[in-house]
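The block underneath contains the structure these notes are about, expressed in structure tokens.
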Amino acid sequence: MNNLDLAVLISTILGIAIYGMWQTRKQRDLHDYLRGTNHAPWYAIGLSVMATQASAITFLSTPGQGYLGGLSFVQVYFGVPIALIIIAVFFLPIFHKLNVYTAYEFLEKRFDGKTRLLGAILFMLQRGLGAGLTIYAPAIVLTTVCGWPLNVTIISTGLLVILYTVMGGSDAVTVTQKYQIMIIFAGMITAACLLIGKLPHDLDLGDTLKLAGGFQKLNAVSFSPSIHQRYTFWSGLLGGTFLMLSYFGTDQSQVQRYISGSSLRESRLGLLFNAVCKIPMQFCILFIGVLMFVFYQFNQPPLFFDAAANNYLQAHRADANLSAYQADFSKARAQIKASLEKWIEARHKGDQPAADDAFVAAATAQVSSDTIRAAAIKEVASKRSDAKANDADYVFITFILQELPHGVIGLLMAAFFAAALSSKAAELNALGTCSTIDFYRPIFKKNASDEHSLFATKCFTALWGFLAIGFALFCNLAENLIQAVNILGSIFYGVMLGLFLVGFFINRVAGTAIFWAALAAQTLIFVLYFTLSISYLWYPLIGCAACILFSLILQFIINRTARVKEPIL
Amino acid sequence: MNNDESEAKPESNPEIKPTTELETDLRSEIDESKTGLPWPTSWRGAYIFVAGTFIFWIVLLVALTRFGS
């Protein structure tokens with residue numbers, strides 16, 4: 001990064017922060033801080049919902065996911081349109097009618113205080129842990145760019161986020177997210193255009209797709225019925241629908257965004273905007289990864305994308321084993337390039353047998369290259385514990401730093417920070433709100449004034465920020481970042497969704513039955529997670545189904561004449 | 001508003017909503033039943049549009065998978 005990049009980065013980040021503070025300067029009371037001034041139009045709501053979900057992890061890790069695993073990850077988002085239609089039709093009118101600050105207030109109105117508390121605790125637990133991961137992601141960027149120690153970077157980034165979040169309320173989050181997402185799109189579109197320009201000039205669109213497909217990178221949809229295969233059409237459609245229904249319908253960080261709409265119509269349109277845009281958006285981000293794969297078939301990639309492993313390699317150039325790995329790797333990559341150039345030439349001449357032979361040679365060299373990389377990373381990991389075998393998170397940032405011009409690097413850094421700030425602000429805002437409204441006020445300070453509650457919300461927001469830093473410092477990721485966040489969510493979301501679905505649609509179930517059913521279902525999910533090896537996308541479905549089923553059985557057993565509160569539907 | 005004007009007003013029946021309030025309620029209800037967009041204007045149309053784009057993307061992704069394999 002040079003001075004131009006730093007200028008772009010700093011001016012963007014400071015500009016966003018100052019704009020957010022300027023927007024909230026008239027904010028005086030609790031309602032404005034928690035729900036905003038209710039003037040947000042549908043497109044602001046839509047962009048805010050999108051920015052909350054699309055954190056820095058999405059833009060850092062997803063292209064790497066596309067580079068390594070192809071397009072299959074897009075199947076996770078197949079449930080989004082269905083889930084958002086269900087929320088727009090059933091959930092949203094109830095939240096608007098009840099005029100709630102948090103989604104969990106509904107649980108008390110429908111069931112009782114302990115069920116509301118359980119829902120709030122489940123949210124705070126999984127979102128608090130997830131908040132640590134979203135601090136970890138931008139820290140990787142800074143670590144790679146500036147060479148700072150990861151822990152120092154996590155702490156400094158976390159403190160900046162806490163400051164921004166505590167000062168800005170819900171309205172500031174919504175307003176700034178609109179501009180943050182524009183910067184993100186500008187950065188990603190610029191990167192994609194430059195990447196396309198860097199592909200070999202004799203490679204047309206058909207060649208690019210055939211090449212990527214030949215290396216299994218266009219595997220967008222798999223109809224395999226296996227429940228052990230992580231991403232399939234079925235796990236995405238069924239499991240993904242439940243995961244997204246839980247996330248958008250019961251996670252306060254999202255609910256708080258769309259209930260801040262000026263009317264039911266604006267909130268609903270904001271959700272439907274996401275229902276239309278989410279799959280194409282994720283496809284485009286993954287496709288950038290696929291294009292990077294094609295680019296690196298004609299250009300020498302580093303032996304390691306992982307920054308820690310790469311730094312180790314640079315510092316131990318004299319190591320005989322590592323030098324041998326590097327030489328073999330370079331040889332294999334040169335063979336891939338030569339074979340693919342022959343493949344293009346034969347393909348354009350219409351010589352199919354020669355093209356097939358050249359492609360087989362390239363594929364063989366690719367296998368050899370992957371084997372060398374795996375052996376090398378294993379050796380480095382045995383000497384340096386922070387070097388990871390799965391370096392998907394570092395692929396895109398490596399490409400940006402090595403291949404893109406200055407100024408664009410600054411723009412993309414600003415985009416990552418904008419994404420990190422937007423999602424983090426929404427998360428901490430939701431955690432602070434939930435802690436005060438669902439936990440502190442009902443239990444410890446029932447007659448708290450609005451001023452006191454506002455102060456408490458700011459304190460809780462800061463506290464959650466510090467806890468997130470703690471989790472980020474101590475988390476040891478086996479999966480890549482985006483998957484880690486989704487796995488964490490899938491463990492808790494199913495039961496949370498079960499609570500809400502029973503509340504909305506099954507009037508015969510009362511508070512005690514649903515409370516114990518939810519606890520039993522959550523225990524079941526923990527047991528299944530540690531004993532089975534099924535795709536994590538199935539856990540929200542299983543958790544939700546178990547919660548509903550247990551509640552019906554318990555209600556039948558406990559007391560058939562239990563008085564059920566009046567349904568609010 | 002001065003005091004004379006307020007005293008001159010007839011006593012209102014609390015069970016009967018003033019016309020302006022009824023109009024506001026009705027307008028609000030109509031507003032919520034329409035998307036307010038040039039197209040699609042109804043919510044049903046909006047949901048069908050979302051479902052249509054979803055199916056379009058699935059078909060496109062399946063075609064891409066088949067092309068690559």
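Ordered as shown in the structure tokens, chains take letters A, B, and onward, while each chain numbers its residues from 1 and ligands are numbered from 1 in the order shown.
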Listing only residues of chain A within 9 Å of chain B, what is the closest atom pair and its distance in Å (to one decimal) for each, using only C-alpha atoms, sorted by chain and residue number ascending, as a tab-separated table?
```
residue	atom	partner	partner_atom	distance
A:Leu71	CA	B:Thr65	CA	8.9
A:Phe78	CA	B:Phe54	CA	8.1
A:Pro81	CA	B:Val50	CA	6.8
A:Ile82	CA	B:Ala51	CA	7.8
A:Ile85	CA	B:Tyr47	CA	6.8
A:Leu209	CA	B:Gly68	CA	6.5
A:Lys210	CA	B:Gly68	CA	5.7
A:Leu211	CA	B:Gly68	CA	8.0
A:Ala212	CA	B:Gly68	CA	7.1
A:Gly213	CA	B:Gly68	CA	3.7
A:Gly214	CA	B:Gly68	CA	6.3
A:Phe215	CA	B:Gly68	CA	8.6
A:Gln216	CA	B:Ser69	CA	7.2
A:Lys217	CA	B:Gly68	CA	7.9
A:Leu218	CA	B:Thr65	CA	5.3
A:Asn219	CA	B:Thr65	CA	5.0
A:Ala220	CA	B:Thr65	CA	5.6
A:Val221	CA	B:Val62	CA	5.7
A:Ser222	CA	B:Val62	CA	8.4
A:Ser263	CA	B:Glu32	CA	8.1
A:Leu264	CA	B:Glu32	CA	6.8
A:Arg265	CA	B:Glu32	CA	5.5
A:Glu266	CA	B:Thr35	CA	8.6
A:Arg268	CA	B:Thr35	CA	8.8
A:Leu269	CA	B:Thr35	CA	7.4
A:Leu272	CA	B:Val50	CA	7.1
A:Phe273	CA	B:Val50	CA	8.7
A:Ala275	CA	B:Val50	CA	6.6
A:Val276	CA	B:Val50	CA	5.7
A:Ile279	CA	B:Trp57	CA	7.6
A:Pro280	CA	B:Trp57	CA	7.5
```
Store the residues picked out above, limited to C-alpha atoms, as a PDB file, in the first residue's frame.
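Output file out-v8.pdb follows:
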```pdb
ATOM      1  CA  LEU A  71     -19.556 -22.066  -7.371  1.00  0.00           C
ATOM      2  CA  PHE A  78     -31.168 -20.876  -2.414  1.00  0.00           C
ATOM      3  CA  PRO A  81     -36.016 -15.826  -1.593  1.00  0.00           C
ATOM      4  CA  ILE A  82     -38.391 -18.351   0.005  1.00  0.00           C
ATOM      5  CA  ILE A  85     -41.252 -14.079   1.257  1.00  0.00           C
ATOM      6  CA  LEU A 209     -16.037 -21.165 -18.912  1.00  0.00           C
ATOM      7  CA  LYS A 210     -14.735 -24.430 -20.436  1.00  0.00           C
ATOM      8  CA  LEU A 211     -11.445 -24.077 -18.573  1.00  0.00           C
ATOM      9  CA  ALA A 212     -13.142 -23.318 -15.245  1.00  0.00           C
ATOM     10  CA  GLY A 213     -15.647 -26.126 -15.833  1.00  0.00           C
ATOM     11  CA  GLY A 214     -12.879 -28.582 -16.692  1.00  0.00           C
ATOM     12  CA  PHE A 215     -11.351 -27.964 -13.269  1.00  0.00           C
ATOM     13  CA  GLN A 216     -14.758 -28.418 -11.553  1.00  0.00           C
ATOM     14  CA  LYS A 217     -15.163 -24.731 -10.732  1.00  0.00           C
ATOM     15  CA  LEU A 218     -18.612 -24.270 -12.335  1.00  0.00           C
ATOM     16  CA  ASN A 219     -20.259 -26.885 -10.140  1.00  0.00           C
ATOM     17  CA  ALA A 220     -22.991 -24.460  -9.077  1.00  0.00           C
ATOM     18  CA  VAL A 221     -25.788 -26.986  -8.559  1.00  0.00           C
ATOM     19  CA  SER A 222     -25.589 -30.568  -7.320  1.00  0.00           C
ATOM     20  CA  SER A 263     -44.030   1.727   7.202  1.00  0.00           C
ATOM     21  CA  LEU A 264     -44.856  -1.940   6.759  1.00  0.00           C
ATOM     22  CA  ARG A 265     -44.681  -1.421   2.996  1.00  0.00           C
ATOM     23  CA  GLU A 266     -41.172   0.055   3.073  1.00  0.00           C
ATOM     24  CA  ARG A 268     -41.522  -5.409   3.110  1.00  0.00           C
ATOM     25  CA  LEU A 269     -40.090  -3.953  -0.099  1.00  0.00           C
ATOM     26  CA  LEU A 272     -38.074  -8.397  -1.210  1.00  0.00           C
ATOM     27  CA  PHE A 273     -35.227  -6.335  -2.678  1.00  0.00           C
ATOM     28  CA  ALA A 275     -34.881 -11.743  -1.998  1.00  0.00           C
ATOM     29  CA  VAL A 276     -34.222 -10.754  -5.614  1.00  0.00           C
ATOM     30  CA  ILE A 279     -28.382 -15.068  -5.187  1.00  0.00           C
ATOM     31  CA  PRO A 280     -26.990 -12.962  -8.095  1.00  0.00           C
TER      32      PRO A 280
END
```
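Residues surrounding range 535-547 of chain A within 7 Å are Ile227, His228, Gln229, Arg230, Ser235, Gly239, Gly240, Phe242, Leu243, Ile487, Ser490, Ile491, Tyr493, Gly494, Val495, Leu497, Gly498, Ala517, Ala518, Ala521, Gln522 and Ile525 of chain A [only C-alpha atoms; sequence separation below 6 positions excluded].
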As a short mmCIF file (atom, residue, chain, number, x, y, z; two decimals) with N, CA and C atoms, in the first residue's frame, please: the residues near Ser422 in chain A (cut-off 7 Å, only C-alpha atoms, same-chain neighbours under 5 positions excluded).
```cif
data_model
loop_
_atom_site.label_atom_id
_atom_site.label_comp_id
_atom_site.auth_asym_id
_atom_site.auth_seq_id
_atom_site.Cartn_x
_atom_site.Cartn_y
_atom_site.Cartn_z
N ALA A 51 -26.26 -5.02 3.76
CA ALA A 51 -24.96 -4.67 4.35
C ALA A 51 -24.74 -5.38 5.69
N THR A 52 -25.82 -5.60 6.43
CA THR A 52 -25.70 -6.29 7.72
C THR A 52 -25.25 -7.73 7.51
N VAL A 173 -26.74 3.65 11.74
CA VAL A 173 -26.34 2.39 11.11
C VAL A 173 -27.01 2.26 9.74
N GLN A 177 -24.92 2.60 6.23
CA GLN A 177 -24.82 1.34 5.48
C GLN A 177 -25.12 1.54 4.00
N GLN A 180 -21.94 2.71 2.60
CA GLN A 180 -20.92 1.67 2.73
C GLN A 180 -21.08 0.59 1.67
#
```
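With only C-alpha atoms taken into account, the protein and nucleic acid residues at most 10 Å from Leu401 in chain A (excluding it and anything under 4 positions from it in its own chain) are Met1, Thr144, Val145, Phe396, Ile397, Pro405, His406, Val408, Ile409, Gly410, Leu412 and Met413 of chain A.
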With C-alpha atoms kept, could you save the residues just selected as a PDB file, in the first residue's frame?
```pdb
ATOM      1  CA  MET A   1       0.000   0.000   0.000  1.00  0.00           C
ATOM      2  CA  THR A 144      -1.417  -8.983   5.543  1.00  0.00           C
ATOM      3  CA  VAL A 145      -1.132  -5.387   4.416  1.00  0.00           C
ATOM      4  CA  PHE A 396      -8.451 -12.498  -2.806  1.00  0.00           C
ATOM      5  CA  ILE A 397      -6.362 -10.184  -0.654  1.00  0.00           C
ATOM      6  CA  PRO A 405      -2.907  -0.841  -9.204  1.00  0.00           C
ATOM      7  CA  HIS A 406      -2.500   1.599  -6.342  1.00  0.00           C
ATOM      8  CA  VAL A 408      -7.742   0.514  -6.409  1.00  0.00           C
ATOM      9  CA  ILE A 409      -5.984  -1.284  -3.539  1.00  0.00           C
ATOM     10  CA  GLY A 410      -7.016   1.588  -1.263  1.00  0.00           C
ATOM     11  CA  LEU A 412     -10.841  -2.276  -1.896  1.00  0.00           C
ATOM     12  CA  MET A 413      -9.351  -1.879   1.576  1.00  0.00           C
TER      13      MET A 413
END
```
Original post:
Counting only C-alpha atoms, what is within 9 Å of range 381-384 of chain A, bar same-chain residues fewer than 5 positions away, as number ranges by chain?
Top reply: A: 308-309, 312, 376, 389
